[in-house]
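Report on the following structure.
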Amino acid sequence: MTTLQTTPVPAHRPSWLRHPRQLALDNGVLIGFIVLVVALSLATPYFLTTGNLLSILVQSAPFVIMAVGELVVVLVAGIDLSVGAMAGLSGAVAAALMAQLGLPWPLALLVALIATTAVGALQGFVVNYLRVTDFIATLAGLSIVSSLTLIITQGNPIGIAADAFNAIGQARLLDVPAQVWLALCVVGGAWTWLARTASGQHIYAIGGNRIAAYRSGIRVRALRTGAYAFSGLCSGIAGIVFAAQLSSADPNAGRGDELSAIAAVVIGGVSLFGGRGKVSGAVIGALLIATILDALVLLNVPPYYTQLVQGFVILLAVMLDYLKRRDQAL
């Protein structure tokens with residue numbers, strides 16, 4: 001009588017145990033954010049206080065909104081350098097309409113958002129229908145919009161007396177600042193669009209392979225133009241938040257913030273070549289930048305080190321993206 005000998009089957013291990021390198025590459029930003037939070041908690045007792053955490057959320061809220069708009073443009077393999085300037089334009093238009101023309105604040109807010117959305121759509125039209133490089137088109141847009149903001153404000157802040165308008169940047173709901181709720185709404189809306197609608201999936205398809213998307217019947221130029229319009233809308237919302245926080249429209253509001261928005265997208269793991277990235281990544285990237293800036297203040301680091309640290313973080317994020325693409329190509 002013979003006995004059958006069976007070879008024991010090795011126990012199945014989860015993918016994250018079999019591929020720790022891939023896990024680190026796919027979640028490097030989140031892991032880095034967690035490590036940063038732990039390190040700061042040990043370095044200073046003031047970091048994990050409720051007041052400081054709320055301060056980080058308040059500071060990051062408008063940047064999260066701008067980053068979400070920038071994300072959609074980057075997903076279609078584009079870039080928008082005018083998001084900071086359009087944020088300044090939005091606040092200036094709303095404040096001027098209320099202070100100089102006496103318009104009610106809801107109408108002034110609506111006109112301001114329509115203005116920035118129209119500017120974004122115009123830039124998208126120039127890029128996609130007139131074949132102007134997105135870098136040049138949005139750089140020109142940055143210059144033009146910044147000048148318009150200075151013309152509207154005459155280089156001076158415009159005070160906003162409408163308490164209901166200012167509540168957008170100063171009120172609290174359930175003890176959470178209103179601008180944080182607004183940022184959550186924008187994030188939720190963008191996630192629903194990109195993940196749950198056909199046009200959202202087409203955005204990814206266009207960034208992945210524009211020619212293949214066109215041959216599949218996707219309206220490539222129209223959707224890419226819509227991406228720039230959406231970026232303009234998000235920038236306008238961020239500008240409203242900036243103005244409401246200060247109860248005035250500062251002519252310099254948003255200046256240079258396009259770098260923070262692009263940095264948040266890059267740090268969040270969104271591919272600059274388009275077609276790959278998540279809304280959550282842009283949010284984490286914006287929170288990471290805000291946390292780093294907060295840490296520099298808590299640790300009494302001179303402010304002129306800010307750009308240096310942010311530059312190194314961006315460089316690390318780009319290197320991480322390169323490693324991910326290289327592993328996928330192998």
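Labels for the structure tokens follow display order: chains A, B, ..., residues from 1 in each chain, ligands from 1.
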For stretch 233-282 of chain A against stretch 210-229 of chain A, with a cut-off of 10 Å and counting only C-alpha atoms, what is the closest atom pair and its distance in Å to one decimal for every residue that makes the cut, ordered by chain and number, as a tab-separated table?
residue	atom	partner	partner_atom	distance
A:Leu233	CA	A:Ala229	CA	6.3
A:Cys234	CA	A:Ala229	CA	8.8
A:Ser235	CA	A:Ala229	CA	9.8
A:Gly274	CA	A:Arg210	CA	9.8
A:Gly275	CA	A:Arg210	CA	9.5
Restricted to all heavy atoms, what would the selected residues look like written as a PDB file, in the first residue's frame?
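Contents of the output file again11.pdb:
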ATOM      1  N   LEU A 233     -12.646  78.088 -11.524  1.00  0.00           N
ATOM      2  CA  LEU A 233     -13.694  78.107 -10.504  1.00  0.00           C
ATOM      3  C   LEU A 233     -13.120  77.854  -9.116  1.00  0.00           C
ATOM      4  O   LEU A 233     -13.441  78.567  -8.147  1.00  0.00           O
ATOM      5  CB  LEU A 233     -14.752  77.054 -10.842  1.00  0.00           C
ATOM      6  CG  LEU A 233     -15.847  76.824  -9.789  1.00  0.00           C
ATOM      7  CD1 LEU A 233     -16.659  78.091  -9.571  1.00  0.00           C
ATOM      8  CD2 LEU A 233     -16.751  75.665 -10.207  1.00  0.00           C
ATOM      9  N   CYS A 234     -12.267  76.836  -9.003  1.00  0.00           N
ATOM     10  CA  CYS A 234     -11.667  76.527  -7.700  1.00  0.00           C
ATOM     11  C   CYS A 234     -10.801  77.683  -7.201  1.00  0.00           C
ATOM     12  O   CYS A 234     -10.824  78.015  -6.007  1.00  0.00           O
ATOM     13  CB  CYS A 234     -10.835  75.254  -7.805  1.00  0.00           C
ATOM     14  SG  CYS A 234     -11.803  73.736  -8.016  1.00  0.00           S
ATOM     15  N   SER A 235     -10.058  78.320  -8.113  1.00  0.00           N
ATOM     16  CA  SER A 235      -9.244  79.467  -7.719  1.00  0.00           C
ATOM     17  C   SER A 235     -10.129  80.611  -7.221  1.00  0.00           C
ATOM     18  O   SER A 235      -9.788  81.297  -6.253  1.00  0.00           O
ATOM     19  CB  SER A 235      -8.403  79.950  -8.902  1.00  0.00           C
ATOM     20  OG  SER A 235      -7.533  78.931  -9.340  1.00  0.00           O
ATOM     21  N   GLY A 274       0.235  63.340 -16.615  1.00  0.00           N
ATOM     22  CA  GLY A 274      -1.205  63.194 -16.773  1.00  0.00           C
ATOM     23  C   GLY A 274      -1.687  61.769 -16.621  1.00  0.00           C
ATOM     24  O   GLY A 274      -0.913  60.812 -16.690  1.00  0.00           O
ATOM     25  N   GLY A 275      -2.986  61.649 -16.395  1.00  0.00           N
ATOM     26  CA  GLY A 275      -3.627  60.344 -16.389  1.00  0.00           C
ATOM     27  C   GLY A 275      -3.559  59.568 -15.098  1.00  0.00           C
ATOM     28  O   GLY A 275      -4.203  58.522 -14.984  1.00  0.00           O
TER      29      GLY A 275
END
Give me, as a PyMOL selection string, all polymer residues having an atom no more than 12 Å from A:Gly124, counting only C-alpha atoms and skipping those fewer than 4 positions away in the same chain.
chain A and resi 73+76+78-80+82+117-120+128-138+141+220-232
Could you list, as a ChimeraX atom specification, every residue within 10 Å of A:Val38, counting only C-alpha atoms and ignoring same-chain residues fewer than 6 positions away?
/A:32,47-48
Write the residues of the selection above to a file with C-alpha atoms, as a PDB file, in the first residue's frame.
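Just written: again-v6.pdb:
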ATOM      1  CA  GLY A  32       5.896  60.731   5.140  1.00  0.00           C
ATOM      2  CA  PHE A  47       1.801  70.792  17.772  1.00  0.00           C
ATOM      3  CA  LEU A  48      -1.018  68.417  18.759  1.00  0.00           C
TER       4      LEU A  48
END
Which parts of stretch 13-259 of chain A does DSSP call strand (DSSP E) when run on the backbone here, written out as number ranges by chain?
A: 158-159, 172-173, 176-177, 248-249
As JSON, numbers by chain, list the residues of stretch 1-226 of chain A assigned to helix (DSSP H, G or I) by DSSP on the backbone atoms of this structure.
{"A": [15, 16, 17, 18, 20, 21, 22, 23, 24, 25, 26, 28, 29, 30, 31, 32, 33, 34, 35, 36, 37, 38, 39, 40, 41, 42, 43, 50, 51, 52, 53, 54, 55, 56, 57, 58, 59, 60, 61, 62, 63, 64, 65, 66, 67, 68, 69, 70, 71, 72, 73, 74, 75, 83, 84, 85, 86, 87, 88, 89, 90, 91, 92, 93, 94, 95, 96, 97, 98, 99, 105, 106, 107, 108, 109, 110, 111, 112, 113, 114, 115, 116, 117, 118, 119, 120, 121, 122, 123, 124, 125, 126, 127, 128, 134, 135, 136, 137, 138, 139, 140, 141, 142, 143, 144, 145, 146, 147, 148, 149, 150, 151, 152, 153, 163, 164, 165, 166, 167, 168, 169, 170, 178, 179, 180, 181, 182, 183, 184, 185, 186, 187, 188, 189, 190, 191, 192, 193, 194, 195, 196, 198, 199, 200, 201, 202, 203, 204, 205, 206, 207, 208, 210, 211, 212, 213, 214, 215, 220, 221, 222, 223, 224, 225, 226]}
